[in-house]
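Student: One structure, pasted below without further comment.
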Amino acid sequence: MSRFLRIVVPAVVIVVWLVVAAIGGPFFGRVSEVSTNDQTSFLPASADATAVQERAAAFRDETGAPAVIVLERDGGLRDGDSAAATTLVDRLADRSDVDAVSPPIPSRDGDAVEIVATLTSAADTGTAVTAIRTTVDDALPDGLRGYVTGPAVFTADLTEAFAGIDGILLGVALAAVFVILVVVYRSPLLPFLVLGTATFALTASILVVWALAKADVVTVNGQVQGILSILVIGAATDYALLYTSRYREALRDHSTGWDATKAALRGSLEPVLASGGTVIVGVLCLLLSDLNSNKALGPVAAIGVAFSVLAALTLLPALLLVFRRAAFWPLRPAYGSEHPVVTGPDARGLWARVGRLVARRSRVVWVVCTVGLLVMGAGLIGLRADGVPQSDLVIGQSQARDGQAVLADHFPAGSGSPAQVLGDADRLDALATAVAGVRGVDDVVAVAKDSPTGTVPVGDGAQGTQGAGVPGADARPTVSDGQVLLQATLSDAADSPAAEQTVRDLRTEVERADPGALVGGVTATAIDTNDTGIRDRTLIIPVVLVVILLILMLLLRSVVAPLVLIGSVIVSFAAALGVGALVFDHVFHFPGADPAVPLYSFVFLVALGVDYNIFLMTRVREESLRVGPREGVLRGLGVTGGVITSAGVVLAATFAALGVIPILFLVQIAFVVAFGVLLDTVVVRSLLVPAIVHDLGRHAWWPSRLSRRPGDM
């Protein structure tokens with residue numbers, strides 16, 4: 001190629017990426033514009049809670065979520081407290097972001113008052129909740145405590161917790177990666193080139209994801225947004241480090257940067273494409289999920305990994321071609337200098353010692369590693385991943401959680417978050433009787449548009465705390481397409497296990513009264529979400545294993561070696577999740593885990609864990625074709641040891657950065673994936689896999705021609 005093209009080609013590549021960054025940069029902080037944290041929106045259309053949510057709009061004017069205000073005074077309410085509550089109702093009713101306010105509802109014990117303020121459909125939940133809290137604080141006399149809780153407040157807390165996902169999370173991840181790269185490569189310039197590549201990949205990913213979400217092609221929430229940032233930074237850095245390692249080797253063998261670039265691309269193209277392809281296929285298996293949140297993560301993560309691969313194989317080679325050996329200053333690789341000796345008696349360093357251990361005691365090494373991983377995996381026995389209460393999703397102080405506890409002390413704890421029953425209007429009395437007869441149901445009303453309160457008492461439930469004496473009680477329930485909508489106030493908090501059991505019993509009883517009746521609401525949404533999540537992980541985990549196994553067989557031209565790799569990442573995943581279960585229970589005292597925690601952890605750990613095995617085994621196969629299977633294992637281990645370990649530490653650090661967001665799900669994902677990646681890097685890829693492959697010798701490559709190579713068993 002002419003000198004002119006050698007200058008123009010990298011320049012064009014860099015300019016194209018700069019244009020993409022210029023266009024996509026402003027969208028870094030705008031993903032929240034097209035994201036939603038409404039749990040119902042992520043349910044499948046077939047879920048009962050989804051059907052009830054869609055039909056509920058026909059029975060009432062469109063409104064937002066309710067906020068529940070609880071006023072409490074030790075020793076009982078005073079005369080002036082009732083007046084303060086009435087004043088508060090008037091002030092809330094005057095707000096433009098509040099659609100309706102209930103009259104003050106006194107508790108049976110006389111110590112508290114409850115007020116339900118329903119937001120307008122157009123209200124910004126976070127802003128409205130903050131304003132309501134201020135209004136409550138300003139209206140209270142001395143000694144009267146006010147708490148704001150309910151679905152709107154829990155949503156606001158969740159939104160506030162996700163607020164740092166654009167800036168704090170990305171800043172922590174990039175800072176951690178930068179420090180690691182400086183320590184590993186001892187170069188002031190190379191970390192900027194690698195992180196620049198990762199940042200440009202993230203910019204392009206966010207631009208595409210924003211456009212797809214804006215067009216309603218994908219659904220994005222705070223969790224998906226955070227995982228995208230971490231995944232792209234980690235994956236792009238990993239692929240960049242692999243290419244950088246090959247390029248540094250090539251600079252010793254080639255006098256020009258162009259020739260070194262071609263050699264580095266030849267050596268890194270297959271493993272990077274295979275690794276990226278494996279992760280892409282793995283995350284796309286999430287499309288099999290019935291949960292829209294999981295479905296969304298699949299294509300969003302795939303887009304991020306695709307741009308990570310593209311940036312590592314285009315932008316980084318162009319940048320390194322511009323800087324050449326100066327990129328590695330002060331430890332610049334000189335042309336004609338010898339490559340480090342990684343095997344044999346003259347080899348020095350950590351990886352030479354690891355290689356000698358594997359060569360001498362391969363069977364002992366892999367047996368001990370396997371037993372150790374299985375022992376750690378025993379912690380899975382105590383894993384609780386069937387869902388957590390909504391009040392525990394945000395880690396740390398929560399006024400919504402505190403208010404929920406106070407509410408439960410004086411009122412039915414499910415106030416403000418009723419179960420909804422959609423059924424045949426001709427069976428209204430039977431439905432109301434069935435609902436009221438379920439243990440854990442405190443009150444039953446029917447939705448009525450022409451009632452001042454929006455509801456009317458029905459059946460025996462009319463005698464409940466919110467039925468009798470309500471103005472407009474003579475109004476008729478709203479009927480739409482021959483159906484009515486009942487609301488059942490639960491005795492227990494809507495996100496509690498007791499409430500979930502009540503709703504399950506409710507579904508059984510209303511089906512007897514009306515086989516076509518459906519039960520929805522906050523509690524039903526949580527039940528359907530958790531049940532669907534458990535079904536998803538049962539289906540998707542085996543599919544991911546089979547798909548990745550087939551990819552490895554095609555890549556390595558072998559059956560045995562891929563089975564070894566898949567087996568190794570399975571026991572590694574079990575160990576990471578087992579240790580995670582123990583830490584969650586006995587160190588952090590978490591209330592449990594979402595069903596998606598094992599699923600997401602599995603998809604990332606298996607796909608990314610296989611990444612490192614691909615980096616290792618493609619190099620082992622390359623070396624084995626030259627020097628034989630067993631010696632090839634030792635050379636491959638020695639050559640890739642440093643780059644894979646640094647890549648693993650980088651990826652673990654980026655996923656650990658998820659822990660700065662105070663969301664239980666993300667903190668648990670951060671721990672399991674970060675610990676699992678380190679386990680894969682330090683134990684599985686460094687000891688377990690090399691020891692097994694060395695022990696198997698040429699049989700590891702069956703049925704390829706390498707397995708028939710004579711003289712190396």
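Starting from 1 in every chain, residues are counted up; chains themselves are A, B, ... following the order of the structure tokens, and ligands are numbered from 1 as listed.
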Skipping near chain neighbours, those fewer than 3 positions away, what residues fall within 8 Å of Leu518 (chain A) using only C-alpha atoms, listed as a list in words?
Tutor: Asp48, Ala49, Ala51, Val52, Val421, Leu422, Gly423, Arg507, Val510 and Glu511 of chain A
Student: Can you list every residue of region 550-636 of chain A that has an atom at most 7 Å from region 669-686 of chain A, with its nearest atom pair and the distance in Å to one decimal, using only C-alpha atoms, ordered by chain then number, as a Markdown table?
Tutor:
```
| residue | atom | partner | partner_atom | distance |
| --- | --- | --- | --- | --- |
| A:Ser568 | CA | A:Val684 | CA | 6.6 |
| A:Ser572 | CA | A:Asp680 | CA | 6.5 |
| A:Phe573 | CA | A:Gly676 | CA | 6.4 |
| A:Ala576 | CA | A:Gly676 | CA | 4.9 |
| A:Leu577 | CA | A:Val672 | CA | 6.0 |
| A:Gly580 | CA | A:Val672 | CA | 5.7 |
| A:Val597 | CA | A:Ile669 | CA | 6.1 |
| A:Ser601 | CA | A:Val673 | CA | 5.9 |
| A:Leu605 | CA | A:Val673 | CA | 6.1 |
| A:Gly609 | CA | A:Asp680 | CA | 6.0 |
| A:Tyr612 | CA | A:Arg685 | CA | 6.8 |
| A:Asn613 | CA | A:Arg685 | CA | 6.1 |
```
Student: In Å, with one decimal, what is the gap from CA of Arg698 (chain A) to CA of Val367 (chain A)?
Tutor: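 Computing the Euclidean distance for CA of Arg698 (chain A) and CA of Val367 (chain A) yields 19.5 Å.
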Student: Taking the DSSP assignment computed from this structure's backbone, write out as a PyMOL selection string all residues of region 147-351 of chain A that belong to alpha helix (DSSP H).
Tutor: chain A and resi 151-162+168-185+190-214+222-253+257-284+292-313+315-323+350-351
Student: Record the distance separating CA of Thr199 (chain A) and CA of Leu651 (chain A), expressed in Å with one decimal.
Tutor: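 Value for the CA of Thr199 (chain A)-CA of Leu651 (chain A) distance: 14.6 Å.
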Student: A:Asp536, A:Asp137, A:Asp90, A:Glu249: which is nearest Glu338 (chain A), counting only C-alpha atoms?
Tutor: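 Closest to Glu338 (chain A) of all the choices is A:Glu249.
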Student: Can you tell me which residues surround Val20 (chain A) at a distance of at most 9 Å, considering only C-alpha atoms, apart from same-chain residues fewer than 2 positions away, and format the answer as a PyMOL selection string?
Tutor: chain A and resi 15-18+22-25+200+203-204+207
Student: How would the residues just picked look written out with C-alpha atoms as an mmCIF file, in the first residue's frame?
Tutor:
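Done, and the output landed in part.cif:
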```cif
data_model
loop_
_atom_site.group_PDB
_atom_site.id
_atom_site.type_symbol
_atom_site.label_atom_id
_atom_site.label_comp_id
_atom_site.auth_asym_id
_atom_site.auth_seq_id
_atom_site.Cartn_x
_atom_site.Cartn_y
_atom_site.Cartn_z
ATOM 1 C CA VAL A 15 -12.233 11.321 11.794
ATOM 2 C CA VAL A 16 -15.267 9.025 11.419
ATOM 3 C CA TRP A 17 -15.120 8.127 15.111
ATOM 4 C CA LEU A 18 -14.686 11.804 16.036
ATOM 5 C CA ALA A 22 -19.513 14.726 18.304
ATOM 6 C CA ILE A 23 -23.032 13.601 17.413
ATOM 7 C CA GLY A 24 -23.453 11.092 20.232
ATOM 8 C CA GLY A 25 -21.741 13.019 23.029
ATOM 9 C CA PHE A 200 -16.056 6.408 21.868
ATOM 10 C CA THR A 203 -20.883 7.169 22.857
ATOM 11 C CA ALA A 204 -21.856 5.341 19.674
ATOM 12 C CA LEU A 207 -26.610 7.233 20.417
#
```
Student: Would you pick out the contacts of Tyr243 (chain A) at 12 Å or less, using only C-alpha atoms, so that residues sharing its chain but fewer than 3 positions from it are not included, and give the list as a VMD selection string?
Tutor: chain A and resid 194 197 236 to 240 246 to 250 260 to 273 309 311 to 320 615 640 643 to 644 647
Student: Please provide the set of residues having any atom within 12 Å of region 181-184 of chain A, restricted to only C-alpha atoms, with same-chain residues fewer than 6 positions apart removed, written as a list of chain:residue names.
Tutor: A:Leu174, A:Ala175, A:Leu190, A:Pro191, A:Phe192, A:Leu193, A:Val194, A:Leu195, A:Thr237, A:Asp238, A:Ala240, A:Leu241, A:Thr244, A:Ser245, A:Phe328, A:Trp329, A:Pro330, A:Leu331, A:Gly642, A:Val643, A:Ile644, A:Thr645, A:Ser646, A:Ala647, A:Gly648, A:Val649, A:Val650, A:Leu651, A:Ala653
Student: What does the structure give for the distance between CA of Met617 (chain A) and CA of Arg356 (chain A), in Å to one decimal?
Tutor: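 The value is 18.1 Å.
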Student: Residues at most 8 Å from Trp351 (chain A), counting only C-alpha atoms, excluding those fewer than 4 positions away in the same chain, as number ranges by chain?
Tutor: A: 342, 355, 637-638, 641-642
Student: Write a file of the just-selected residues containing all heavy atoms, as a PDB file, in the first residue's frame.
Tutor:
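again-v2.pdb was written with the following content:
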```
ATOM      1  N   VAL A 342       9.030 -17.359  27.956  1.00  0.00           N
ATOM      2  CA  VAL A 342       7.899 -17.694  28.822  1.00  0.00           C
ATOM      3  C   VAL A 342       7.906 -19.152  29.258  1.00  0.00           C
ATOM      4  O   VAL A 342       7.157 -19.534  30.161  1.00  0.00           O
ATOM      5  CB  VAL A 342       6.563 -17.369  28.119  1.00  0.00           C
ATOM      6  CG1 VAL A 342       6.428 -15.882  27.887  1.00  0.00           C
ATOM      7  CG2 VAL A 342       6.422 -18.127  26.805  1.00  0.00           C
ATOM      8  N   GLY A 355       3.417 -21.772  34.878  1.00  0.00           N
ATOM      9  CA  GLY A 355       3.548 -22.783  33.831  1.00  0.00           C
ATOM     10  C   GLY A 355       4.286 -24.016  34.315  1.00  0.00           C
ATOM     11  O   GLY A 355       3.902 -25.150  33.994  1.00  0.00           O
ATOM     12  N   LEU A 637      -0.138 -19.906  27.866  1.00  0.00           N
ATOM     13  CA  LEU A 637      -0.340 -19.374  29.207  1.00  0.00           C
ATOM     14  C   LEU A 637       0.656 -18.264  29.507  1.00  0.00           C
ATOM     15  O   LEU A 637       0.294 -17.200  30.031  1.00  0.00           O
ATOM     16  CB  LEU A 637      -0.216 -20.496  30.235  1.00  0.00           C
ATOM     17  CG  LEU A 637      -0.294 -20.102  31.720  1.00  0.00           C
ATOM     18  CD1 LEU A 637      -1.643 -19.474  32.031  1.00  0.00           C
ATOM     19  CD2 LEU A 637      -0.043 -21.317  32.601  1.00  0.00           C
ATOM     20  N   GLY A 638       1.905 -18.474  29.164  1.00  0.00           N
ATOM     21  CA  GLY A 638       2.930 -17.486  29.452  1.00  0.00           C
ATOM     22  C   GLY A 638       2.746 -16.197  28.672  1.00  0.00           C
ATOM     23  O   GLY A 638       2.918 -15.098  29.211  1.00  0.00           O
ATOM     24  N   GLY A 641      -0.733 -14.504  29.849  1.00  0.00           N
ATOM     25  CA  GLY A 641      -0.976 -14.346  31.282  1.00  0.00           C
ATOM     26  C   GLY A 641      -1.159 -12.912  31.720  1.00  0.00           C
ATOM     27  O   GLY A 641      -2.142 -12.566  32.391  1.00  0.00           O
ATOM     28  N   GLY A 642      -0.222 -12.052  31.349  1.00  0.00           N
ATOM     29  CA  GLY A 642      -0.278 -10.669  31.797  1.00  0.00           C
ATOM     30  C   GLY A 642      -1.462  -9.913  31.245  1.00  0.00           C
ATOM     31  O   GLY A 642      -2.176  -9.220  31.988  1.00  0.00           O
TER      32      GLY A 642
END
```
Student: Show me, as JSON lines, the residues of region 107-161 of chain A having an atom within 8 Å of region 397-400 of chain A, each with the closest atom pair and its distance in Å, using only C-alpha atoms.
Tutor:
```
{"residue": "A:Tyr147", "atom": "CA", "partner": "A:Gln399", "partner_atom": "CA", "distance": 6.9}
{"residue": "A:Val148", "atom": "CA", "partner": "A:Ala400", "partner_atom": "CA", "distance": 6.2}
{"residue": "A:Thr149", "atom": "CA", "partner": "A:Ala400", "partner_atom": "CA", "distance": 4.2}
{"residue": "A:Gly150", "atom": "CA", "partner": "A:Ala400", "partner_atom": "CA", "distance": 6.8}
{"residue": "A:Val153", "atom": "CA", "partner": "A:Ala400", "partner_atom": "CA", "distance": 5.9}
{"residue": "A:Phe154", "atom": "CA", "partner": "A:Ala400", "partner_atom": "CA", "distance": 6.0}
{"residue": "A:Asp157", "atom": "CA", "partner": "A:Ser398", "partner_atom": "CA", "distance": 7.4}
```
Student: Would you pick out the contacts of Gly277 (chain A) at 12 Å or less, using only C-alpha atoms, so that residues sharing its chain but fewer than 3 positions from it are not included, and give the list as a PyMOL selection string?
Tutor: chain A and resi 235+269-274+280-284+301-310+547-548+551-552+555+607-608+610-611+614
Student: Could the residues in this selection be written to a file with C-alpha atoms, as a PDB file, in the first residue's frame?
Tutor:
```
ATOM      1  CA  ALA A 235     -15.574  -5.115  27.115  1.00  0.00           C
ATOM      2  CA  LEU A 269      -9.014 -10.454  14.742  1.00  0.00           C
ATOM      3  CA  GLU A 270     -10.193 -14.019  15.351  1.00  0.00           C
ATOM      4  CA  PRO A 271     -10.156 -14.003  19.179  1.00  0.00           C
ATOM      5  CA  VAL A 272     -11.710 -10.534  19.444  1.00  0.00           C
ATOM      6  CA  LEU A 273     -14.465 -11.333  16.945  1.00  0.00           C
ATOM      7  CA  ALA A 274     -15.066 -14.714  18.576  1.00  0.00           C
ATOM      8  CA  ILE A 280     -23.447 -10.853  21.742  1.00  0.00           C
ATOM      9  CA  VAL A 281     -25.069 -14.236  21.182  1.00  0.00           C
ATOM     10  CA  GLY A 282     -25.192 -14.835  24.938  1.00  0.00           C
ATOM     11  CA  VAL A 283     -26.984 -11.567  25.743  1.00  0.00           C
ATOM     12  CA  LEU A 284     -29.315 -11.941  22.750  1.00  0.00           C
ATOM     13  CA  ALA A 301     -26.048  -5.028  25.498  1.00  0.00           C
ATOM     14  CA  ALA A 302     -25.460  -6.571  22.062  1.00  0.00           C
ATOM     15  CA  ILE A 303     -25.249  -3.093  20.527  1.00  0.00           C
ATOM     16  CA  GLY A 304     -22.744  -2.061  23.190  1.00  0.00           C
ATOM     17  CA  VAL A 305     -20.518  -5.104  22.682  1.00  0.00           C
ATOM     18  CA  ALA A 306     -20.674  -4.745  18.883  1.00  0.00           C
ATOM     19  CA  PHE A 307     -19.394  -1.162  19.097  1.00  0.00           C
ATOM     20  CA  SER A 308     -16.758  -2.304  21.605  1.00  0.00           C
ATOM     21  CA  VAL A 309     -15.438  -4.820  19.078  1.00  0.00           C
ATOM     22  CA  LEU A 310     -15.636  -2.297  16.232  1.00  0.00           C
ATOM     23  CA  VAL A 547     -25.238 -21.733  22.116  1.00  0.00           C
ATOM     24  CA  ILE A 548     -21.832 -20.812  23.549  1.00  0.00           C
ATOM     25  CA  ILE A 551     -19.587 -21.392  19.096  1.00  0.00           C
ATOM     26  CA  LEU A 552     -16.548 -22.737  20.948  1.00  0.00           C
ATOM     27  CA  LEU A 555     -13.849 -21.728  16.906  1.00  0.00           C
ATOM     28  CA  ALA A 607     -20.094 -14.943  28.225  1.00  0.00           C
ATOM     29  CA  LEU A 608     -17.262 -12.856  29.678  1.00  0.00           C
ATOM     30  CA  VAL A 610     -15.522 -17.621  28.064  1.00  0.00           C
ATOM     31  CA  ASP A 611     -13.946 -14.439  26.671  1.00  0.00           C
ATOM     32  CA  ILE A 614     -11.065 -17.781  24.139  1.00  0.00           C
TER      33      ILE A 614
END
```
Student: For Gly396 (chain A), which residue out of A:Ala656, A:Val693, A:Ile663, A:Val365 is the nearest one, using only C-alpha atoms?
Tutor: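 Ranking A:Ala656, A:Val693, A:Ile663, A:Val365 by distance to Gly396 (chain A), first place goes to A:Ile663.
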Student: Find, counting only C-alpha atoms, the residue in A:Val447, A:Val116, A:Ile14, A:Ala122 that gets nearest to Gly64 (chain A).
Tutor: A:Ala122
Student: Which residues in region 133-196 of chain A does DSSP call strand (DSSP E)? List them as a PDB file with all heavy atoms, in the first residue's frame.
Tutor:
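Final output, saved to out-v9.pdb:
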```pdb
ATOM      1  N   ARG A 145     -45.905  14.472  63.547  1.00  0.00           N
ATOM      2  CA  ARG A 145     -44.940  13.992  62.555  1.00  0.00           C
ATOM      3  C   ARG A 145     -45.659  13.598  61.271  1.00  0.00           C
ATOM      4  O   ARG A 145     -46.745  12.993  61.314  1.00  0.00           O
ATOM      5  CB  ARG A 145     -44.145  12.797  63.096  1.00  0.00           C
ATOM      6  CG  ARG A 145     -43.262  13.146  64.284  1.00  0.00           C
ATOM      7  CD  ARG A 145     -42.390  11.956  64.673  1.00  0.00           C
ATOM      8  NE  ARG A 145     -43.215  10.820  65.091  1.00  0.00           N
ATOM      9  CZ  ARG A 145     -43.686  10.640  66.312  1.00  0.00           C
ATOM     10  NH1 ARG A 145     -43.425  11.530  67.259  1.00  0.00           N
ATOM     11  NH2 ARG A 145     -44.411   9.581  66.606  1.00  0.00           N
ATOM     12  N   GLY A 146     -45.048  13.912  60.137  1.00  0.00           N
ATOM     13  CA  GLY A 146     -45.630  13.569  58.847  1.00  0.00           C
ATOM     14  C   GLY A 146     -44.700  12.692  58.033  1.00  0.00           C
ATOM     15  O   GLY A 146     -43.482  12.911  58.006  1.00  0.00           O
ATOM     16  N   TYR A 147     -45.264  11.696  57.393  1.00  0.00           N
ATOM     17  CA  TYR A 147     -44.508  10.787  56.535  1.00  0.00           C
ATOM     18  C   TYR A 147     -45.205  10.707  55.180  1.00  0.00           C
ATOM     19  O   TYR A 147     -46.439  10.666  55.111  1.00  0.00           O
ATOM     20  CB  TYR A 147     -44.428   9.385  57.141  1.00  0.00           C
ATOM     21  CG  TYR A 147     -43.787   9.328  58.511  1.00  0.00           C
ATOM     22  CD1 TYR A 147     -44.547   9.524  59.663  1.00  0.00           C
ATOM     23  CD2 TYR A 147     -42.425   9.086  58.657  1.00  0.00           C
ATOM     24  CE1 TYR A 147     -43.970   9.479  60.916  1.00  0.00           C
ATOM     25  CE2 TYR A 147     -41.842   9.044  59.919  1.00  0.00           C
ATOM     26  CZ  TYR A 147     -42.621   9.234  61.047  1.00  0.00           C
ATOM     27  OH  TYR A 147     -42.042   9.188  62.281  1.00  0.00           O
ATOM     28  N   VAL A 148     -44.410  10.683  54.117  1.00  0.00           N
ATOM     29  CA  VAL A 148     -44.952  10.550  52.767  1.00  0.00           C
ATOM     30  C   VAL A 148     -44.473   9.230  52.203  1.00  0.00           C
ATOM     31  O   VAL A 148     -43.254   8.975  52.121  1.00  0.00           O
ATOM     32  CB  VAL A 148     -44.509  11.715  51.854  1.00  0.00           C
ATOM     33  CG1 VAL A 148     -45.189  11.612  50.494  1.00  0.00           C
ATOM     34  CG2 VAL A 148     -44.830  13.048  52.509  1.00  0.00           C
ATOM     35  N   THR A 149     -45.396   8.370  51.833  1.00  0.00           N
ATOM     36  CA  THR A 149     -45.045   7.044  51.330  1.00  0.00           C
ATOM     37  C   THR A 149     -45.992   6.680  50.186  1.00  0.00           C
ATOM     38  O   THR A 149     -46.663   7.549  49.623  1.00  0.00           O
ATOM     39  CB  THR A 149     -45.087   6.006  52.480  1.00  0.00           C
ATOM     40  OG1 THR A 149     -44.624   4.750  51.991  1.00  0.00           O
ATOM     41  CG2 THR A 149     -46.485   5.859  53.048  1.00  0.00           C
TER      42      THR A 149
END
```
Student: Here is a test: counting only C-alpha atoms, which residue of A:Leu407, A:Leu5, A:Val358, A:Val458 is nearest to Ser107 (chain A)?
Tutor: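 The answer is A:Leu407, which sits nearest to Ser107 (chain A).
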